[in-house]
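Structure file work.pdb (PDB, C-alpha atoms and all ligand atoms) is printed below.
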ATOM      1  CA  MET A   1     -17.376   1.328 -11.212
ATOM      2  CA  PRO A   2     -15.413  -0.516 -13.967
ATOM      3  CA  LEU A   3     -17.540  -2.172 -16.622
ATOM      4  CA  PRO A   4     -17.579  -5.985 -16.463
ATOM      5  CA  HIS A   5     -15.408  -7.559 -19.133
ATOM      6  CA  THR A   6     -17.361  -9.069 -22.013
ATOM      7  CA  PRO A   7     -16.925 -12.852 -21.903
ATOM      8  CA  ILE A   8     -14.814 -14.301 -24.707
ATOM      9  CA  SER A   9     -16.347 -17.435 -26.149
ATOM     10  CA  LEU A  10     -14.165 -20.585 -26.298
ATOM     11  CA  SER A  11     -16.899 -22.938 -27.598
ATOM     12  CA  ASP A  12     -20.707 -23.256 -27.643
ATOM     13  CA  TYR A  13     -20.894 -23.677 -23.863
ATOM     14  CA  VAL A  14     -17.587 -22.368 -22.508
ATOM     15  CA  SER A  15     -16.406 -18.775 -22.265
ATOM     16  CA  VAL A  16     -13.861 -16.811 -20.269
ATOM     17  CA  SER A  17     -14.539 -13.593 -18.365
ATOM     18  CA  GLU A  18     -12.758 -11.577 -15.705
ATOM     19  CA  GLN A  19     -13.629 -10.476 -12.169
ATOM     20  CA  GLY A  20     -11.213  -8.249 -10.246
ATOM     21  CA  GLY A  21      -7.933  -9.388 -11.719
ATOM     22  CA  ILE A  22      -9.045 -13.008 -11.976
ATOM     23  CA  LYS A  23      -9.948 -14.960 -15.110
ATOM     24  CA  ILE A  24     -13.044 -17.089 -14.763
ATOM     25  CA  ILE A  25     -14.168 -19.934 -17.012
ATOM     26  CA  GLN A  26     -17.944 -19.833 -17.424
ATOM     27  CA  ILE A  27     -19.943 -22.905 -18.389
ATOM     28  CA  LYS A  28     -23.450 -22.279 -19.677
ATOM     29  CA  HIS A  29     -24.903 -25.556 -20.914
ATOM     30  CA  PRO A  30     -28.607 -26.377 -21.406
ATOM     31  CA  LYS A  31     -28.379 -28.830 -18.479
ATOM     32  CA  VAL A  32     -26.061 -27.021 -16.075
ATOM     33  CA  SER A  33     -24.172 -23.829 -15.360
ATOM     34  CA  ALA A  34     -20.876 -23.541 -13.499
ATOM     35  CA  SER A  35     -17.839 -21.305 -13.163
ATOM     36  CA  ILE A  36     -14.211 -21.979 -12.285
ATOM     37  CA  SER A  37     -11.534 -19.434 -11.501
ATOM     38  CA  LEU A  38      -8.041 -19.890 -12.972
ATOM     39  CA  PHE A  39      -6.818 -18.465  -9.661
ATOM     40  CA  GLY A  40      -6.655 -21.693  -7.642
ATOM     41  CA  ALA A  41      -8.533 -23.831 -10.245
ATOM     42  CA  HIS A  42     -11.281 -22.940  -7.830
ATOM     43  CA  LEU A  43     -14.853 -23.975  -8.682
ATOM     44  CA  LEU A  44     -17.152 -21.087  -7.717
ATOM     45  CA  HIS A  45     -20.592 -22.303  -8.688
ATOM     46  CA  PHE A  46     -22.367 -25.456  -9.927
ATOM     47  CA  GLN A  47     -26.051 -25.407 -10.680
ATOM     48  CA  PRO A  48     -27.955 -28.052 -12.609
ATOM     49  CA  LYS A  49     -30.870 -26.458 -14.461
ATOM     50  CA  GLY A  50     -33.932 -25.807 -12.287
ATOM     51  CA  GLN A  51     -32.128 -26.509  -8.991
ATOM     52  CA  GLU A  52     -30.574 -24.486  -6.198
ATOM     53  CA  ASP A  53     -26.813 -24.073  -6.548
ATOM     54  CA  PHE A  54     -24.957 -27.002  -4.935
ATOM     55  CA  ILE A  55     -22.067 -24.707  -4.005
ATOM     56  CA  TRP A  56     -21.901 -21.820  -1.543
ATOM     57  CA  MET A  57     -19.819 -18.783  -2.425
ATOM     58  CA  SER A  58     -19.301 -15.874  -0.049
ATOM     59  CA  GLU A  59     -20.809 -12.583  -1.185
ATOM     60  CA  LYS A  60     -17.730 -10.963   0.431
ATOM     61  CA  ALA A  61     -15.101 -13.154  -1.273
ATOM     62  CA  ASP A  62     -12.000 -11.164  -2.219
ATOM     63  CA  PHE A  63     -11.342 -11.385  -5.975
ATOM     64  CA  SER A  64      -8.129  -9.335  -5.903
ATOM     65  CA  GLY A  65      -6.026 -12.486  -6.370
ATOM     66  CA  LYS A  66      -4.144 -11.707  -3.144
ATOM     67  CA  THR A  67      -5.962 -14.077  -0.816
ATOM     68  CA  PRO A  68      -7.744 -17.427  -1.336
ATOM     69  CA  LEU A  69     -11.402 -17.183  -2.361
ATOM     70  CA  ARG A  70     -13.946 -17.842   0.403
ATOM     71  CA  GLY A  71     -16.455 -20.465  -0.712
ATOM     72  CA  GLY A  72     -16.605 -22.750  -3.750
ATOM     73  CA  ILE A  73     -14.141 -25.653  -3.814
ATOM     74  CA  PRO A  74     -10.669 -24.485  -2.794
ATOM     75  CA  LEU A  75      -7.985 -27.019  -3.765
ATOM     76  CA  CYS A  76      -5.766 -27.407  -0.719
ATOM     77  CA  TRP A  77      -2.371 -28.854  -1.718
ATOM     78  CA  PRO A  78       0.342 -30.089  -0.975
ATOM     79  CA  TRP A  79      -0.958 -30.049   2.583
ATOM     80  CA  PHE A  80      -4.185 -29.556   4.468
ATOM     81  CA  GLY A  81      -4.329 -27.185   7.445
ATOM     82  CA  LYS A  82      -1.877 -24.887   9.125
ATOM     83  CA  SER A  83       1.040 -27.306   9.652
ATOM     84  CA  SER A  84       3.078 -25.127   7.231
ATOM     85  CA  LEU A  85       2.520 -21.788   5.567
ATOM     86  CA  PRO A  86       0.570 -20.824   3.609
ATOM     87  CA  SER A  87      -2.384 -22.403   5.376
ATOM     88  CA  HIS A  88      -3.878 -25.226   3.234
ATOM     89  CA  GLY A  89      -0.905 -25.091   0.821
ATOM     90  CA  PHE A  90      -0.118 -22.862  -2.142
ATOM     91  CA  ALA A  91      -2.233 -24.398  -4.935
ATOM     92  CA  ARG A  92      -5.314 -22.333  -4.077
ATOM     93  CA  ASN A  93      -3.254 -19.123  -4.432
ATOM     94  CA  ALA A  94      -1.655 -20.017  -7.752
ATOM     95  CA  ILE A  95      -2.664 -19.170 -11.313
ATOM     96  CA  TRP A  96      -3.497 -22.398 -13.161
ATOM     97  CA  THR A  97      -3.545 -23.041 -16.915
ATOM     98  CA  LEU A  98      -6.635 -24.164 -18.784
ATOM     99  CA  LYS A  99      -5.468 -27.355 -20.499
ATOM    100  CA  GLU A 100      -8.564 -28.614 -22.297
ATOM    101  CA  HIS A 101     -12.332 -28.517 -22.486
ATOM    102  CA  ARG A 102     -14.719 -30.905 -24.195
ATOM    103  CA  GLU A 103     -18.488 -30.883 -24.346
ATOM    104  CA  ASN A 104     -21.462 -32.964 -25.442
ATOM    105  CA  GLU A 105     -25.222 -33.090 -24.824
ATOM    106  CA  ASN A 106     -24.671 -34.101 -21.168
ATOM    107  CA  GLY A 107     -22.253 -31.383 -20.101
ATOM    108  CA  VAL A 108     -18.657 -30.192 -20.150
ATOM    109  CA  ILE A 109     -15.337 -31.715 -19.073
ATOM    110  CA  LEU A 110     -12.562 -29.320 -18.366
ATOM    111  CA  SER A 111      -9.070 -29.587 -16.958
ATOM    112  CA  MET A 112      -6.512 -27.173 -15.544
ATOM    113  CA  THR A 113      -2.867 -27.746 -14.683
ATOM    114  CA  LEU A 114      -0.195 -26.369 -12.378
ATOM    115  CA  GLU A 115       3.526 -27.153 -12.247
ATOM    116  CA  ASP A 116       6.336 -26.197  -9.911
ATOM    117  CA  SER A 117       8.010 -22.840 -10.450
ATOM    118  CA  PRO A 118      10.791 -20.912  -8.671
ATOM    119  CA  HIS A 119       8.001 -19.452  -6.467
ATOM    120  CA  THR A 120       6.506 -22.840  -5.446
ATOM    121  CA  ARG A 121       9.998 -24.325  -4.907
ATOM    122  CA  GLU A 122      10.726 -21.532  -2.400
ATOM    123  CA  ILE A 123       7.709 -22.691  -0.392
ATOM    124  CA  TRP A 124       8.075 -26.456  -1.013
ATOM    125  CA  PRO A 125      11.262 -27.750  -2.667
ATOM    126  CA  HIS A 126       9.759 -30.287  -5.102
ATOM    127  CA  ALA A 127       8.926 -30.786  -8.758
ATOM    128  CA  PHE A 128       5.306 -31.711  -9.432
ATOM    129  CA  HIS A 129       2.536 -31.733 -12.011
ATOM    130  CA  LEU A 130      -1.035 -31.190 -10.823
ATOM    131  CA  GLU A 131      -4.167 -31.601 -12.858
ATOM    132  CA  ALA A 132      -7.632 -30.537 -11.714
ATOM    133  CA  GLN A 133     -10.396 -32.240 -13.714
ATOM    134  CA  PHE A 134     -13.976 -30.998 -13.600
ATOM    135  CA  GLU A 135     -16.772 -33.192 -14.966
ATOM    136  CA  ILE A 136     -19.770 -30.899 -15.120
ATOM    137  CA  THR A 137     -23.040 -32.660 -15.929
ATOM    138  CA  GLU A 138     -26.139 -32.974 -13.742
ATOM    139  CA  ASP A 139     -23.553 -34.265 -11.250
ATOM    140  CA  LEU A 140     -20.221 -32.658 -10.453
ATOM    141  CA  LYS A 141     -16.989 -34.608 -10.172
ATOM    142  CA  VAL A 142     -13.747 -32.884  -9.197
ATOM    143  CA  SER A 143     -10.470 -34.835  -9.323
ATOM    144  CA  LEU A 144      -7.077 -33.577  -8.254
ATOM    145  CA  ILE A 145      -4.312 -35.662  -9.841
ATOM    146  CA  SER A 146      -0.864 -35.224  -8.291
ATOM    147  CA  SER A 147       2.199 -36.475 -10.186
ATOM    148  CA  ASN A 148       5.685 -36.593  -8.730
ATOM    149  CA  THR A 149       7.995 -35.245 -11.473
ATOM    150  CA  ASP A 150      10.916 -35.006  -9.039
ATOM    151  CA  GLN A 151      13.929 -37.349  -8.616
ATOM    152  CA  VAL A 152      13.032 -38.117  -4.984
ATOM    153  CA  PRO A 153       9.942 -39.426  -3.187
ATOM    154  CA  TYR A 154       7.797 -37.024  -1.141
ATOM    155  CA  GLU A 155       4.661 -36.975   0.982
ATOM    156  CA  ILE A 156       1.556 -35.004   0.140
ATOM    157  CA  GLY A 157      -1.697 -34.121   1.835
ATOM    158  CA  GLY A 158      -4.543 -31.908   0.688
ATOM    159  CA  ALA A 159      -8.272 -31.452   0.459
ATOM    160  CA  LEU A 160     -11.129 -30.626  -1.849
ATOM    161  CA  HIS A 161     -12.525 -28.074   0.591
ATOM    162  CA  THR A 162     -16.123 -28.114  -0.705
ATOM    163  CA  TYR A 163     -18.470 -25.397   0.594
ATOM    164  CA  LEU A 164     -22.010 -26.723   0.091
ATOM    165  CA  ASN A 165     -24.973 -24.415  -0.283
ATOM    166  CA  ILE A 166     -27.733 -25.366   2.177
ATOM    167  CA  GLY A 167     -31.145 -24.012   3.222
ATOM    168  CA  ASN A 168     -30.325 -23.634   6.933
ATOM    169  CA  ILE A 169     -27.487 -25.039   9.057
ATOM    170  CA  ARG A 170     -29.967 -25.716  11.889
ATOM    171  CA  ASN A 171     -32.006 -27.948   9.609
ATOM    172  CA  ILE A 172     -29.639 -30.467   7.984
ATOM    173  CA  GLU A 173     -28.640 -34.036   8.756
ATOM    174  CA  ILE A 174     -25.411 -35.677   7.671
ATOM    175  CA  SER A 175     -24.885 -39.429   7.582
ATOM    176  CA  GLY A 176     -21.863 -41.571   6.755
ATOM    177  CA  LEU A 177     -19.255 -39.642   8.731
ATOM    178  CA  GLY A 178     -18.759 -42.384  11.313
ATOM    179  CA  LYS A 179     -18.071 -41.763  14.978
ATOM    180  CA  GLU A 180     -14.321 -41.179  15.196
ATOM    181  CA  TYR A 181     -12.920 -37.732  14.641
ATOM    182  CA  LEU A 182     -10.100 -35.370  15.552
ATOM    183  CA  GLU A 183     -10.879 -31.981  17.030
ATOM    184  CA  ARG A 184      -7.976 -29.571  17.564
ATOM    185  CA  GLY A 185      -5.726 -32.613  17.150
ATOM    186  CA  LEU A 186      -7.463 -34.654  19.882
ATOM    187  CA  PRO A 187      -9.214 -37.960  19.101
ATOM    188  CA  LYS A 188     -12.911 -37.988  20.000
ATOM    189  CA  THR A 189     -15.903 -40.255  19.559
ATOM    190  CA  SER A 190     -19.342 -38.853  18.847
ATOM    191  CA  LEU A 191     -22.257 -40.614  20.452
ATOM    192  CA  GLU A 192     -25.003 -38.405  19.145
ATOM    193  CA  ASN A 193     -26.147 -36.662  15.998
ATOM    194  CA  ILE A 194     -24.226 -33.517  15.188
ATOM    195  CA  ILE A 195     -25.864 -30.375  16.530
ATOM    196  CA  PHE A 196     -24.826 -27.204  14.750
ATOM    197  CA  ASN A 197     -25.060 -24.514  17.428
ATOM    198  CA  GLN A 198     -21.373 -23.548  17.648
ATOM    199  CA  GLU A 199     -18.295 -23.803  15.426
ATOM    200  CA  ILE A 200     -17.785 -27.385  14.243
ATOM    201  CA  ASP A 201     -14.327 -28.224  12.903
ATOM    202  CA  ARG A 202     -13.759 -31.983  12.795
ATOM    203  CA  ILE A 203     -11.596 -34.415  10.853
ATOM    204  CA  TYR A 204     -13.523 -37.686  10.581
ATOM    205  CA  THR A 205     -11.077 -40.563  10.222
ATOM    206  CA  GLN A 206     -13.454 -43.523   9.668
ATOM    207  CA  ALA A 207     -16.009 -42.005   7.302
ATOM    208  CA  ASP A 208     -17.787 -43.979   4.589
ATOM    209  CA  ASN A 209     -16.869 -43.258   0.980
ATOM    210  CA  GLU A 210     -20.431 -41.984   0.537
ATOM    211  CA  ILE A 211     -21.771 -39.198   2.734
ATOM    212  CA  ILE A 212     -25.399 -38.053   2.563
ATOM    213  CA  LEU A 213     -26.334 -34.453   3.256
ATOM    214  CA  ASP A 214     -30.066 -34.263   3.928
ATOM    215  CA  ASP A 215     -31.210 -30.668   3.485
ATOM    216  CA  LYS A 216     -34.695 -30.427   4.979
ATOM    217  CA  GLU A 217     -35.201 -26.799   3.963
ATOM    218  CA  PHE A 218     -34.263 -27.275   0.285
ATOM    219  CA  LYS A 219     -35.967 -30.702   0.399
ATOM    220  CA  ARG A 220     -33.040 -32.405  -1.298
ATOM    221  CA  GLN A 221     -30.395 -34.977  -0.491
ATOM    222  CA  ILE A 222     -26.916 -34.674  -1.917
ATOM    223  CA  LYS A 223     -24.622 -37.681  -2.049
ATOM    224  CA  ILE A 224     -20.925 -36.887  -1.728
ATOM    225  CA  THR A 225     -18.759 -39.743  -3.025
ATOM    226  CA  ASN A 226     -15.088 -39.428  -2.140
ATOM    227  CA  ALA A 227     -11.998 -41.361  -3.264
ATOM    228  CA  GLY A 228      -8.245 -41.173  -2.699
ATOM    229  CA  HIS A 229      -8.800 -39.619   0.760
ATOM    230  CA  ASN A 230      -8.193 -40.831   4.313
ATOM    231  CA  ALA A 231     -10.540 -38.413   6.112
ATOM    232  CA  VAL A 232     -13.596 -36.220   5.701
ATOM    233  CA  VAL A 233     -13.546 -32.743   7.193
ATOM    234  CA  LEU A 234     -16.723 -31.132   8.476
ATOM    235  CA  TRP A 235     -16.638 -27.391   9.105
ATOM    236  CA  ASN A 236     -19.092 -24.631   9.894
ATOM    237  CA  PRO A 237     -17.774 -21.441  11.555
ATOM    238  CA  ASP A 238     -21.094 -20.488  13.223
ATOM    239  CA  ALA A 239     -21.811 -16.887  14.283
ATOM    240  CA  THR A 240     -18.775 -15.896  16.371
ATOM    241  CA  LEU A 241     -16.091 -16.969  13.912
ATOM    242  CA  SER A 242     -17.896 -15.694  10.807
ATOM    243  CA  GLN A 243     -18.180 -12.258  12.421
ATOM    244  CA  GLN A 244     -14.386 -12.260  12.745
ATOM    245  CA  MET A 245     -13.820 -13.238   9.126
ATOM    246  CA  GLN A 246     -13.380 -10.324   6.703
ATOM    247  CA  ASP A 247     -14.592 -12.278   3.706
ATOM    248  CA  MET A 248     -17.794 -13.687   5.185
ATOM    249  CA  ALA A 249     -21.040 -11.845   5.934
ATOM    250  CA  ASP A 250     -22.080 -12.194   9.585
ATOM    251  CA  GLU A 251     -25.130 -14.363   8.925
ATOM    252  CA  SER A 252     -23.855 -16.314   5.956
ATOM    253  CA  TYR A 253     -22.607 -19.290   8.006
ATOM    254  CA  LYS A 254     -26.301 -20.304   8.115
ATOM    255  CA  THR A 255     -26.367 -21.301   4.460
ATOM    256  CA  MET A 256     -23.083 -23.221   4.152
ATOM    257  CA  VAL A 257     -21.406 -26.359   5.396
ATOM    258  CA  CYS A 258     -18.026 -27.739   4.333
ATOM    259  CA  LEU A 259     -17.683 -31.474   3.685
ATOM    260  CA  GLU A 260     -14.178 -32.103   2.408
ATOM    261  CA  SER A 261     -12.507 -35.081   0.808
ATOM    262  CA  CYS A 262      -9.189 -34.845   2.643
ATOM    263  CA  ILE A 263      -5.729 -36.395   2.770
ATOM    264  CA  HIS A 264      -4.951 -35.705   6.359
ATOM    265  CA  ASP A 265      -1.388 -35.698   7.775
ATOM    266  CA  ARG A 266       0.429 -35.740   4.393
ATOM    267  CA  SER A 267      -0.118 -39.471   4.356
ATOM    268  CA  VAL A 268       0.292 -40.145   0.619
ATOM    269  CA  LEU A 269       3.843 -41.097  -0.324
ATOM    270  CA  LEU A 270       4.557 -40.433  -3.994
ATOM    271  CA  GLN A 271       7.573 -42.088  -5.588
ATOM    272  CA  PRO A 272       9.176 -40.361  -8.612
ATOM    273  CA  GLY A 273       6.853 -40.885 -11.595
ATOM    274  CA  GLN A 274       3.901 -41.917  -9.399
ATOM    275  CA  LYS A 275       0.406 -40.371  -9.475
ATOM    276  CA  HIS A 276      -2.376 -40.048  -6.940
ATOM    277  CA  THR A 277      -5.990 -38.987  -7.492
ATOM    278  CA  LEU A 278      -8.120 -37.334  -4.816
ATOM    279  CA  SER A 279     -11.742 -36.871  -5.868
ATOM    280  CA  THR A 280     -15.242 -35.931  -4.846
ATOM    281  CA  ARG A 281     -18.554 -36.349  -6.687
ATOM    282  CA  LEU A 282     -21.724 -34.468  -5.802
ATOM    283  CA  SER A 283     -24.997 -35.952  -6.982
ATOM    284  CA  ARG A 284     -28.582 -35.397  -6.029
ATOM    285  CA  THR A 285     -30.382 -38.495  -4.741
ATOM    286  CA  SER A 286     -33.774 -36.892  -3.999
TER     287      SER A 286
HETATM  288  O1  LIG B 301     -11.416 -27.285   6.766
HETATM  289  C1  LIG B 301     -11.667 -26.635   7.949
HETATM  290  C2  LIG B 301     -10.634 -25.556   8.153
HETATM  291  O2  LIG B 301      -9.336 -26.120   8.173
HETATM  292  C3  LIG B 301     -10.984 -24.788   9.429
HETATM  293  O3  LIG B 301     -10.066 -25.029  10.473
HETATM  294  C4  LIG B 301     -11.110 -23.348   8.996
HETATM  295  O4  LIG B 301     -10.084 -22.558   9.384
HETATM  296  C5  LIG B 301     -11.312 -23.478   7.492
HETATM  297  O5  LIG B 301     -10.654 -24.626   7.072
HETATM  298  C6  LIG B 301     -11.004 -22.297   6.617
HETATM  299  O6  LIG B 301      -9.635 -22.100   6.433
HETATM  300  P1  LIG B 301      -9.101 -20.846   5.614
HETATM  301  O7  LIG B 301      -7.611 -20.967   5.600
HETATM  302  O8  LIG B 301      -9.708 -20.927   4.238
HETATM  303  O9  LIG B 301      -9.599 -19.626   6.346
END
Have the structure of the file written as structure tokens, please.
Amino acid sequence: MPLPHTPISLSDYVSVSEQGGIKIIQIKHPKVSASISLFGAHLLHFQPKGQEDFIWMSEKADFSGKTPLRGGIPLCWPWFGKSSLPSHGFARNAIWTLKEHRENENGVILSMTLEDSPHTREIWPHAFHLEAQFEITEDLKVSLISSNTDQVPYEIGGALHTYLNIGNIRNIEISGLGKEYLERGLPKTSLENIIFNQEIDRIYTQADNEIILDDKEFKRQIKITNAGHNAVVLWNPDATLSQQMQDMADESYKTMVCLESCIHDRSVLLQPGQKHTLSTRLSRTS
């Protein structure tokens, strides 16, 4: 087995290490620890001191850099879903650049960037500048800032596809999603509380900006505050689908749920020179 690479320190609280072929920024601060892969600007872990991790990461995630990482917060861009290939866009498969990191007694702020290249223009023929900002304190805020650096307007979609770490999928309650959602493209209205006993894959179109995840097993409530979105996606694969997924252990669906700040249907029109920010903040309320 190859020896793990020794982390290279970038500052008191920030270092860089490697897993598989992927470079990972490690944050070890007295108040919080976190890690973010440069492959996808993909947050892998966020854990305020003394608490359970907020983020679920698959023990079978593939770190070869050939496929998107299962778990964490994949950045889906410039589209969400399978309307074009690759599924959920190309940003989560790209190598990003660490642009800056700053730190103080409360935590670390870090940003990564991605720009168009001959490879991205083959998939999507536009010039762009993307910045992923991570504010890592006792709360986590992730912002994805899209800038149109092209000569022509274009439409974007996307999602912050957050995998939350939970005690047990059968023992959570979620509020703030509203009643209206799309399932396999069809509009539906929910009349009851959500029961997780089969795959749930819904795009909620009238959700509040604040969603509460009440985790009875971990005895904590997490508030998810979204902005710049037009939908919230709720996903859990349940047993049958996770057994079919190579990068997920059969039982691991029990300890995760995705709640995603989403721009559904490529509904943001960006004029040349314009910017748009999609964000999500995770904070503990009890
Ligand atoms: O956000 C929910 C979803 O779009 C589901 O339909 C499910 O396929 C999931 O994302 C995971 O997608 P991925 O491409 O990462 O396997």
- Item | Contacts of stretch 227-239 of chain A within 8 Å, all atoms listed in the file, excl. fewer than 6 positions in-chain, as a ChimeraX atom specification | /A:177,196-207,209,250-251,253-254,256-264,276-280
Prev. selection, C-alpha atoms, output as a PDB file, keeping the file's coordinate frame:
ATOM      1  CA  LEU A 177     -19.255 -39.642   8.731  1.00  0.00           C
ATOM      2  CA  PHE A 196     -24.826 -27.204  14.750  1.00  0.00           C
ATOM      3  CA  ASN A 197     -25.060 -24.514  17.428  1.00  0.00           C
ATOM      4  CA  GLN A 198     -21.373 -23.548  17.648  1.00  0.00           C
ATOM      5  CA  GLU A 199     -18.295 -23.803  15.426  1.00  0.00           C
ATOM      6  CA  ILE A 200     -17.785 -27.385  14.243  1.00  0.00           C
ATOM      7  CA  ASP A 201     -14.327 -28.224  12.903  1.00  0.00           C
ATOM      8  CA  ARG A 202     -13.759 -31.983  12.795  1.00  0.00           C
ATOM      9  CA  ILE A 203     -11.596 -34.415  10.853  1.00  0.00           C
ATOM     10  CA  TYR A 204     -13.523 -37.686  10.581  1.00  0.00           C
ATOM     11  CA  THR A 205     -11.077 -40.563  10.222  1.00  0.00           C
ATOM     12  CA  GLN A 206     -13.454 -43.523   9.668  1.00  0.00           C
ATOM     13  CA  ALA A 207     -16.009 -42.005   7.302  1.00  0.00           C
ATOM     14  CA  ASN A 209     -16.869 -43.258   0.980  1.00  0.00           C
ATOM     15  CA  ASP A 250     -22.080 -12.194   9.585  1.00  0.00           C
ATOM     16  CA  GLU A 251     -25.130 -14.363   8.925  1.00  0.00           C
ATOM     17  CA  TYR A 253     -22.607 -19.290   8.006  1.00  0.00           C
ATOM     18  CA  LYS A 254     -26.301 -20.304   8.115  1.00  0.00           C
ATOM     19  CA  MET A 256     -23.083 -23.221   4.152  1.00  0.00           C
ATOM     20  CA  VAL A 257     -21.406 -26.359   5.396  1.00  0.00           C
ATOM     21  CA  CYS A 258     -18.026 -27.739   4.333  1.00  0.00           C
ATOM     22  CA  LEU A 259     -17.683 -31.474   3.685  1.00  0.00           C
ATOM     23  CA  GLU A 260     -14.178 -32.103   2.408  1.00  0.00           C
ATOM     24  CA  SER A 261     -12.507 -35.081   0.808  1.00  0.00           C
ATOM     25  CA  CYS A 262      -9.189 -34.845   2.643  1.00  0.00           C
ATOM     26  CA  ILE A 263      -5.729 -36.395   2.770  1.00  0.00           C
ATOM     27  CA  HIS A 264      -4.951 -35.705   6.359  1.00  0.00           C
ATOM     28  CA  HIS A 276      -2.376 -40.048  -6.940  1.00  0.00           C
ATOM     29  CA  THR A 277      -5.990 -38.987  -7.492  1.00  0.00           C
ATOM     30  CA  LEU A 278      -8.120 -37.334  -4.816  1.00  0.00           C
ATOM     31  CA  SER A 279     -11.742 -36.871  -5.868  1.00  0.00           C
ATOM     32  CA  THR A 280     -15.242 -35.931  -4.846  1.00  0.00           C
TER      33      THR A 280
END
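Using all atoms listed in the file, the shortest contact distance between ligand LIG 301 (chain B) and any of A:Ile166, A:Ile8, A:Leu44, A:Leu160 is found at A:Leu160.
Using only C-alpha atoms and all ligand atoms for every distance, the candidate list A:Ser286, A:Ser175, A:Asn93, A:Thr255 yields A:Asn93 as the residue closest to ligand LIG 301 (chain B).
Atom to atom, atom CA of A:Thr149 and atom CA of A:Glu115 stand 9.3 Å apart.
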Let me know the centre plus edge lengths, in Å and rounded to one decimal, of a box with edges along x, y and z that contains all listed atoms of ligand LIG 301 (chain B) and is padded by 5 Å on every side, as JSON.
{"center_x": -9.6, "center_y": -23.5, "center_z": 7.4, "size_x": 14.1, "size_y": 17.7, "size_z": 16.2}
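Remark: for A:Arg102, the closest of the candidate residues A:Val32, A:Ile27, A:Ala159, A:Ile224 is A:Ile27 (distances computed over all atoms listed in the file).
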- Task: Starting from the displayed file, determine the output of the PyMOL selection byres (((chain A and resi 100) around 9) and not hetatm) and express the residue list as number ranges by chain.
- Result: A: 98-99, 101-102, 109-112
- Task: Using only C-alpha atoms, determine which residues lie at most 8 Å from A:His42, disregarding the query and same-chain residues fewer than 5 positions distant; provide the list as a ChimeraX atom specification.
- Result: /A:36-37,69,72-75,92
Preceding selection exported with C-alpha atoms as a PDB file, keeping the file's coordinate frame:
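That gives us out-v8.pdb:
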ATOM      1  CA  ILE A  36     -14.211 -21.979 -12.285  1.00  0.00           C
ATOM      2  CA  SER A  37     -11.534 -19.434 -11.501  1.00  0.00           C
ATOM      3  CA  LEU A  69     -11.402 -17.183  -2.361  1.00  0.00           C
ATOM      4  CA  GLY A  72     -16.605 -22.750  -3.750  1.00  0.00           C
ATOM      5  CA  ILE A  73     -14.141 -25.653  -3.814  1.00  0.00           C
ATOM      6  CA  PRO A  74     -10.669 -24.485  -2.794  1.00  0.00           C
ATOM      7  CA  LEU A  75      -7.985 -27.019  -3.765  1.00  0.00           C
ATOM      8  CA  ARG A  92      -5.314 -22.333  -4.077  1.00  0.00           C
TER       9      ARG A  92
END
- Just the residues within 12 Å of stretch 83-90 of chain A, please, counting all atoms listed in the file, with nothing from its chain fewer than 3 positions along; format it as a PyMOL selection string. chain A and resi 39-41+66-68+74-80+93-96+114-117+119-124+156-161+185+262-266
Writing out the chosen residues with C-alpha atoms as an mmCIF file, keeping the file's coordinate frame:
data_model
loop_
_atom_site.group_PDB
_atom_site.id
_atom_site.type_symbol
_atom_site.label_atom_id
_atom_site.label_comp_id
_atom_site.auth_asym_id
_atom_site.auth_seq_id
_atom_site.Cartn_x
_atom_site.Cartn_y
_atom_site.Cartn_z
ATOM 1 C CA PHE A 39 -6.818 -18.465 -9.661
ATOM 2 C CA GLY A 40 -6.655 -21.693 -7.642
ATOM 3 C CA ALA A 41 -8.533 -23.831 -10.245
ATOM 4 C CA LYS A 66 -4.144 -11.707 -3.144
ATOM 5 C CA THR A 67 -5.962 -14.077 -0.816
ATOM 6 C CA PRO A 68 -7.744 -17.427 -1.336
ATOM 7 C CA PRO A 74 -10.669 -24.485 -2.794
ATOM 8 C CA LEU A 75 -7.985 -27.019 -3.765
ATOM 9 C CA CYS A 76 -5.766 -27.407 -0.719
ATOM 10 C CA TRP A 77 -2.371 -28.854 -1.718
ATOM 11 C CA PRO A 78 0.342 -30.089 -0.975
ATOM 12 C CA TRP A 79 -0.958 -30.049 2.583
ATOM 13 C CA PHE A 80 -4.185 -29.556 4.468
ATOM 14 C CA ASN A 93 -3.254 -19.123 -4.432
ATOM 15 C CA ALA A 94 -1.655 -20.017 -7.752
ATOM 16 C CA ILE A 95 -2.664 -19.170 -11.313
ATOM 17 C CA TRP A 96 -3.497 -22.398 -13.161
ATOM 18 C CA LEU A 114 -0.195 -26.369 -12.378
ATOM 19 C CA GLU A 115 3.526 -27.153 -12.247
ATOM 20 C CA ASP A 116 6.336 -26.197 -9.911
ATOM 21 C CA SER A 117 8.010 -22.840 -10.450
ATOM 22 C CA HIS A 119 8.001 -19.452 -6.467
ATOM 23 C CA THR A 120 6.506 -22.840 -5.446
ATOM 24 C CA ARG A 121 9.998 -24.325 -4.907
ATOM 25 C CA GLU A 122 10.726 -21.532 -2.400
ATOM 26 C CA ILE A 123 7.709 -22.691 -0.392
ATOM 27 C CA TRP A 124 8.075 -26.456 -1.013
ATOM 28 C CA ILE A 156 1.556 -35.004 0.140
ATOM 29 C CA GLY A 157 -1.697 -34.121 1.835
ATOM 30 C CA GLY A 158 -4.543 -31.908 0.688
ATOM 31 C CA ALA A 159 -8.272 -31.452 0.459
ATOM 32 C CA LEU A 160 -11.129 -30.626 -1.849
ATOM 33 C CA HIS A 161 -12.525 -28.074 0.591
ATOM 34 C CA GLY A 185 -5.726 -32.613 17.150
ATOM 35 C CA CYS A 262 -9.189 -34.845 2.643
ATOM 36 C CA ILE A 263 -5.729 -36.395 2.770
ATOM 37 C CA HIS A 264 -4.951 -35.705 6.359
ATOM 38 C CA ASP A 265 -1.388 -35.698 7.775
ATOM 39 C CA ARG A 266 0.429 -35.740 4.393
#
